[in-house]
>>> print(open('entry36.cif').read())   # mmCIF, C-alpha atoms
data_upload
loop_
_atom_site.label_atom_id
_atom_site.label_comp_id
_atom_site.auth_asym_id
_atom_site.auth_seq_id
_atom_site.Cartn_x
_atom_site.Cartn_y
_atom_site.Cartn_z
CA MET T 203 -11.86 11.45 11.20
CA ALA T 204 -8.32 11.95 9.92
CA CYS T 205 -6.46 8.84 11.07
CA PHE T 206 -4.97 8.32 7.60
CA LEU T 207 -2.93 11.53 7.99
CA VAL T 208 -0.51 9.78 10.39
CA SER T 209 0.23 7.06 7.82
CA ALA T 210 0.41 9.67 5.04
CA ALA T 211 2.99 11.64 7.05
CA GLU T 212 5.05 8.46 7.55
CA ALA T 213 4.68 7.76 3.80
CA ILE T 214 6.14 11.20 2.98
CA ILE T 215 9.09 10.63 5.33
CA THR T 216 9.66 7.16 3.85
CA THR T 217 9.55 8.53 0.28
CA VAL T 218 12.23 11.11 1.11
CA ALA T 219 14.31 8.43 2.87
CA VAL T 220 14.04 6.11 -0.17
CA LYS T 221 15.33 8.89 -2.46
CA MET T 222 18.26 9.66 -0.15
CA ILE T 223 19.26 6.03 0.39
CA GLU T 224 18.95 5.26 -3.34
CA LYS T 225 21.29 8.16 -4.12
CA LYS T 226 23.77 6.91 -1.52
CA GLU T 227 23.61 3.33 -2.82
CA ASN T 228 24.05 4.43 -6.43
CA SER T 229 27.02 6.66 -5.62
CA ALA T 230 28.65 3.91 -3.58
CA GLY T 231 28.34 1.60 -6.60
CA ALA T 232 27.70 -1.29 -4.30
CA ILE T 233 24.75 -2.63 -6.24
CA LYS T 234 23.99 -3.33 -9.86
CA VAL T 235 21.10 -1.23 -11.14
CA ARG T 236 19.49 -1.66 -14.50
CA PRO T 237 18.76 1.48 -16.60
CA ASP T 238 15.03 1.21 -15.75
CA GLY T 239 15.83 1.50 -12.05
CA GLU T 240 15.06 -2.11 -11.15
CA TYR T 241 17.58 -4.48 -9.64
CA THR T 242 18.67 -7.68 -11.29
CA GLU T 243 16.65 -10.65 -10.11
CA THR T 244 19.67 -12.83 -9.47
CA GLU T 245 21.04 -10.38 -6.87
CA ALA T 246 21.52 -12.35 -3.65
CA LYS T 247 21.42 -9.27 -1.43
CA ILE T 248 18.41 -6.95 -1.63
CA PRO T 249 19.38 -3.25 -1.32
CA PHE T 250 17.83 -1.47 1.67
CA SER T 251 16.23 1.19 -0.56
CA ARG T 252 14.21 -1.55 -2.22
CA LYS T 253 13.08 -2.87 1.15
CA LEU T 254 12.11 0.62 2.24
CA LYS T 255 10.02 0.92 -0.92
CA TRP T 256 7.83 -1.93 0.40
CA LEU T 257 6.97 0.19 3.44
CA ARG T 258 6.47 3.30 1.28
CA ASN T 259 4.10 1.43 -1.06
CA LEU T 260 2.06 -0.03 1.81
CA LEU T 261 1.74 3.38 3.48
CA TRP T 262 0.84 5.32 0.32
CA GLY T 263 -1.60 2.65 -0.88
CA GLY T 264 -3.36 2.41 2.45
CA SER T 265 -3.45 6.18 3.04
CA LEU T 266 -4.87 6.81 -0.42
CA LEU T 267 -7.73 4.34 -0.06
CA LEU T 268 -8.44 5.46 3.51
CA ALA T 269 -8.53 9.09 2.35
CA PHE T 270 -11.23 8.03 -0.12
CA GLU T 271 -13.20 6.44 2.73
CA HIS T 272 -13.02 9.75 4.62
CA VAL T 273 -14.29 11.62 1.55
CA TRP T 274 -17.10 9.03 1.33
CA HIS T 275 -18.13 9.75 4.92
CA GLY T 276 -17.90 13.52 4.42
CA GLU T 277 -14.96 13.90 6.82
CA VAL T 278 -12.66 15.28 4.13
CA VAL T 279 -13.97 18.08 1.89
CA PRO T 280 -12.41 19.90 -1.08
CA TRP T 281 -12.63 23.31 0.65
CA PHE T 282 -10.80 24.91 3.57
CA PRO T 283 -10.08 23.61 6.24
CA PHE T 284 -10.47 20.34 4.26
CA LEU T 285 -11.28 18.36 7.42
CA THR T 286 -14.84 18.94 8.66
CA ALA T 287 -13.73 18.16 12.22
CA ALA T 288 -11.27 21.07 12.11
CA SER T 289 -14.07 23.63 11.87
CA ASN T 290 -14.84 23.61 15.63
CA PRO T 291 -12.59 23.04 18.68
CA ALA T 292 -14.61 20.16 20.18
CA ASP T 293 -14.50 18.10 16.98
CA ALA T 294 -10.86 19.06 16.44
CA ALA T 295 -9.93 17.67 19.86
CA GLU T 296 -11.76 14.43 19.06
CA MET T 297 -9.99 14.27 15.70
CA LEU T 298 -6.57 14.74 17.31
CA HIS T 299 -7.40 12.02 19.85
CA GLU T 300 -8.36 9.65 17.01
CA MET T 301 -5.15 10.46 15.16
CA ALA T 302 -3.13 9.78 18.32
CA THR T 303 -4.81 6.42 18.94
CA VAL T 304 -6.17 4.82 15.73
CA GLY T 305 -3.84 6.72 13.37
CA VAL T 306 -0.68 5.91 15.30
CA ALA T 307 -1.79 2.27 15.75
CA MET T 308 -2.28 1.98 11.97
CA ALA T 309 1.17 3.36 11.20
CA VAL T 310 2.75 1.14 13.89
CA LEU T 311 1.05 -2.04 12.63
CA VAL T 312 2.08 -1.34 9.01
CA THR T 313 5.66 -0.76 10.20
CA VAL T 314 5.63 -3.93 12.35
CA ILE T 315 4.37 -5.98 9.38
CA TRP T 316 7.14 -4.42 7.24
CA LEU T 317 9.69 -5.44 9.91
CA GLY T 318 8.30 -8.97 9.66
CA MET T 319 8.79 -8.81 5.88
CA LEU T 320 12.40 -7.73 6.48
CA ALA T 321 12.95 -10.73 8.76
CA VAL T 322 11.51 -13.12 6.17
CA SER T 323 13.53 -11.54 3.34
CA ALA T 324 16.70 -11.82 5.48
CA VAL T 325 16.12 -15.57 5.80
CA ILE T 326 15.50 -15.87 2.03
CA GLU T 327 18.64 -13.79 1.31
CA LYS T 328 20.74 -16.02 3.58
CA ARG T 329 19.37 -19.13 1.87
CA ALA T 330 20.13 -17.63 -1.57
CA GLN T 331 23.68 -16.74 -0.53
CA LYS T 332 24.20 -20.28 0.79
CA GLU T 333 22.91 -21.73 -2.51
CA LYS T 334 25.25 -19.42 -4.40
CA ALA T 335 28.21 -20.44 -2.26
CA LEU T 336 27.54 -24.22 -2.47
CA PRO T 337 28.62 -24.89 -6.10
CA ALA T 338 31.89 -23.04 -5.50
CA GLU T 339 32.59 -25.11 -2.39
CA GLY T 340 31.65 -28.41 -4.05
CA MET B 66 -17.62 -5.36 5.11
CA THR B 67 -15.19 -2.80 3.62
CA LEU B 68 -12.30 -4.62 5.33
CA LEU B 69 -13.54 -8.01 4.09
CA ILE B 70 -13.88 -6.85 0.46
CA THR B 71 -10.44 -5.20 0.54
CA VAL B 72 -8.81 -8.33 2.04
CA PHE B 73 -10.38 -10.49 -0.69
CA ALA B 74 -9.13 -8.03 -3.34
CA ALA B 75 -5.62 -8.13 -1.78
CA VAL B 76 -5.55 -11.95 -1.69
CA ILE B 77 -6.76 -12.28 -5.30
CA CYS B 78 -4.23 -9.67 -6.52
CA THR B 79 -1.39 -11.37 -4.62
CA ALA B 80 -2.30 -14.74 -6.16
CA ILE B 81 -2.33 -13.15 -9.65
CA TRP B 82 0.99 -11.40 -8.89
CA TYR B 83 2.56 -14.71 -7.80
CA ARG B 84 1.37 -16.44 -10.97
CA THR B 85 2.63 -13.67 -13.28
CA ALA B 86 5.64 -12.42 -11.26
CA GLN B 87 8.22 -13.72 -13.73
CA LYS B 88 6.91 -11.44 -16.50
CA SER B 89 5.61 -8.65 -14.21
CA GLU B 90 4.50 -6.61 -17.21
CA MET B 91 1.06 -5.82 -15.80
CA MET B 92 2.36 -4.22 -12.59
CA VAL B 93 -0.10 -6.18 -10.42
CA GLY B 94 2.24 -5.43 -7.50
CA VAL B 95 0.81 -1.90 -7.38
CA LEU B 96 -2.62 -3.35 -6.58
CA CYS B 97 -1.17 -5.71 -3.96
CA TRP B 98 0.55 -2.90 -2.04
CA MET B 99 -2.53 -0.68 -2.18
CA PHE B 100 -5.03 -3.31 -1.03
CA TRP B 101 -2.77 -4.81 1.66
CA GLY B 102 -1.93 -1.34 3.02
CA ALA B 103 -5.62 -0.45 3.22
CA SER B 104 -6.51 -3.86 4.69
CA ILE B 105 -3.98 -3.46 7.54
CA MET B 106 -5.25 0.04 8.30
CA TRP B 107 -8.93 -1.00 8.24
CA PHE B 108 -8.08 -3.96 10.44
CA VAL B 109 -6.80 -1.53 13.10
CA ASP B 110 -9.96 0.53 12.65
CA ALA B 111 -12.03 -2.65 13.12
CA VAL B 112 -10.14 -3.57 16.32
CA PHE B 113 -10.84 -0.13 17.83
CA GLU B 114 -14.49 -0.36 16.77
CA TYR B 115 -14.76 -3.85 18.29
CA ALA B 116 -13.27 -2.57 21.55
CA GLU B 117 -16.03 0.03 21.64
CA LEU B 118 -19.03 -2.01 20.43
CA LYS B 119 -18.01 -5.53 21.60
CA ALA B 120 -20.27 -8.28 20.12
CA GLU B 121 -22.54 -5.68 18.54
CA TYR B 122 -19.75 -5.10 16.01
CA PHE B 123 -20.60 -8.42 14.34
CA THR B 124 -24.32 -7.68 13.98
CA PRO B 125 -24.50 -4.45 12.01
CA ALA B 126 -27.76 -2.98 10.74
CA LEU B 127 -28.65 -3.95 7.17
CA GLU B 128 -28.40 -0.34 6.00
CA ASP B 129 -24.84 -0.03 7.41
CA LEU B 130 -23.88 -3.35 5.87
CA ILE B 131 -25.06 -2.28 2.42
CA ASN B 132 -23.33 1.10 2.74
CA ASP B 133 -20.08 -0.58 3.82
CA ALA B 134 -20.27 -3.09 0.96
CA PHE B 135 -20.89 -0.27 -1.49
CA LEU B 136 -17.88 1.57 -0.04
CA GLY B 137 -15.73 -1.58 -0.28
CA LEU B 138 -16.61 -2.06 -3.94
CA SER B 139 -15.93 1.64 -4.62
CA VAL B 140 -12.53 1.30 -2.94
CA VAL B 141 -11.69 -1.69 -5.17
CA ALA B 142 -12.86 0.28 -8.23
CA LEU B 143 -10.69 3.26 -7.21
CA GLY B 144 -7.71 0.96 -6.66
CA LEU B 145 -8.19 -0.53 -10.13
CA VAL B 146 -8.42 2.94 -11.72
CA ILE B 147 -5.19 4.06 -9.96
CA TRP B 148 -3.46 0.85 -11.13
CA LEU B 149 -4.64 1.43 -14.71
CA VAL B 150 -3.36 5.03 -14.69
CA VAL B 151 0.05 3.89 -13.32
CA LEU B 152 0.17 1.08 -15.90
CA LEU B 153 -0.61 3.41 -18.82
CA ILE B 154 1.87 6.06 -17.66
CA LYS B 155 4.74 3.60 -16.97
CA ASP B 156 3.74 1.57 -20.05
CA PRO B 157 6.08 -1.41 -19.41
CA LYS B 158 5.06 -3.18 -22.64
CA GLY B 159 5.36 0.01 -24.72
CA VAL B 160 1.78 -0.37 -25.99
CA VAL B 161 0.79 3.28 -25.39
CA LYS B 162 4.00 4.53 -27.01
CA LYS B 163 3.45 2.29 -30.01
CA ALA B 164 -0.18 3.45 -30.36
CA LEU B 165 0.78 7.13 -30.07
CA PHE B 166 3.58 7.02 -32.64
CA LYS B 167 1.84 4.65 -35.04
CA LYS B 168 1.96 5.86 -38.64
CA LYS B 169 -1.41 5.71 -40.41
#
>>> encode(input="entry36.cif", output="structure tokens")
Amino acid sequence: MACFLVSAAEAIITTVAVKMIEKKENSAGAIKVRPDGEYTETEAKIPFSRKLKWLRNLLWGGSLLLAFEHVWHGEVVPWFPFLTAASNPADAAEMLHEMATVGVAMAVLVTVIWLGMLAVSAVIEKRAQKEKALPAEG
Amino acid sequence: MTLLITVFAAVICTAIWYRTAQKSEMMVGVLCWMFWGASIMWFVDAVFEYAELKAEYFTPALEDLINDAFLGLSVVALGLVIWLVVLLIKDPKGVVKKALFKKK
């Protein structure tokens, strides 16, 4: 009914967080940033703002396509109150229940998968740092 | 069916991204994020539906199957349109800029 709204809300929060962390990282001068905003590929440590962008992209992408599905099923309309379920209390209660169950589960699973990506990237980062350190040692 | 079509789209896009990642001029990553995000969310939707319908979930009516397939293809088409718009706006190869400022 409106389960995508939970992920969309998390996407908004993540977008704001990315902007704030990027600003902090840039002002700290801890990382090398190219003029086009991308980071150099040879960087052994991935900045956290870049990792957070993975979550932001997953959430926005998923929410966008799910919003289309809701338009397809007539659950989202281009006129007020935009959600057909919001027009009467019984449907609104059902919608809120769906948001609290399916919507929250969606946002949680996306976040858990992102955490898994962080774990994998940490292993890759460690391996890259080891490879970088080896020639100096040898 | 929508989930299945989106997962296939995500896998194909990821394979293309992996093959062309070194150049990354076509911004295939945008498609990967979109389709994987939607696939994860529809997977959760499918789990909840399965919990409600049990085995019946795997034997949908033909009409529902066709509608879902049509929706899945529409989702892929929408994803491709969004990717194209992002690609033309960001214009990493400078093709749009070159075409706009070309002297006749």
>>> closest_residue(input="entry36.cif", among="B:Leu127, B:Val140, B:Met92, B:Ile81", to="chain T", atoms="only C-alpha atoms")
B:Val140
>>> residues_around(input="entry36.cif", residues="stretch 74-78 of chain B", least_positions_apart="4", cutoff="9 Å", atoms="all atoms listed in the file", output="list of chain:residue names")
B:Leu69, B:Ile70, B:Trp82, B:Tyr83, B:Val93, B:Gly94, B:Leu96, B:Cys97, B:Trp98, B:Met99, B:Phe100, B:Trp101, B:Ser104, B:Val141
>>> atom_distance(input="entry36.cif", atom1="atom CA of T:Phe206", atom2="atom CA of B:Phe108")
13.0 Å
>>> closest_residue(input="entry36.cif", among="B:Ala80, B:Pro157, B:Thr124, B:Thr85", to="chain T", atoms="all atoms listed in the file")
B:Pro157
>>> resolve_selection(input="entry36.cif", expression="the PyMOL selection byres ((chain T) within 8 of (chain B))", output="list in words")
Trp256, Asn259, Leu260, Leu261, Trp262, Gly263, Gly264, Ser265, Leu267, Leu268, Phe270, Glu271, Trp274, Val304, Ala307, Met308, Ala309, Leu311 and Val312 of chain T
>>> atom_distance(input="entry36.cif", atom1="atom CA of B:Phe135", atom2="atom CA of T:His272")
14.1 Å
>>> atom_distance(input="entry36.cif", atom1="atom CA of B:Val146", atom2="atom CA of T:Ala269")
15.4 Å
>>> closest_residue(input="entry36.cif", among="T:Ala335, T:Ala330, T:Ala219, T:Ile214", to="T:Lys253", atoms="all atoms listed in the file")
T:Ala219
>>> residues_around(input="entry36.cif", residues="B:Lys158", least_positions_apart="4", cutoff="9 Å", atoms="only C-alpha atoms", output="list in words")
Glu90, Met91 and Lys162 of chain B
>>> axis_aligned_box(input="entry36.cif", around="stretch 84-103 of chain B", padding_each_side="8 Å", output="lines of an AutoDock Vina configuration file")
center_x = 1.3
center_y = -8.4
center_z = -7.0
size_x = 29.8
size_y = 32.0
size_z = 36.4
>>> residues_around(input="entry36.cif", residues="T:Ile223", least_positions_apart="2", cutoff="12 Å", atoms="all atoms listed in the file", output="count of residues only")
19
>>> residues_around(input="entry36.cif", residues="T:Leu207", least_positions_apart="4", cutoff="8 Å", atoms="only C-alpha atoms", output="count of residues only")
4
>>> closest_residue(input="entry36.cif", among="T:Leu336, T:Val273, T:Leu257, T:Ala210", to="T:Met319", atoms="only C-alpha atoms")
T:Leu257
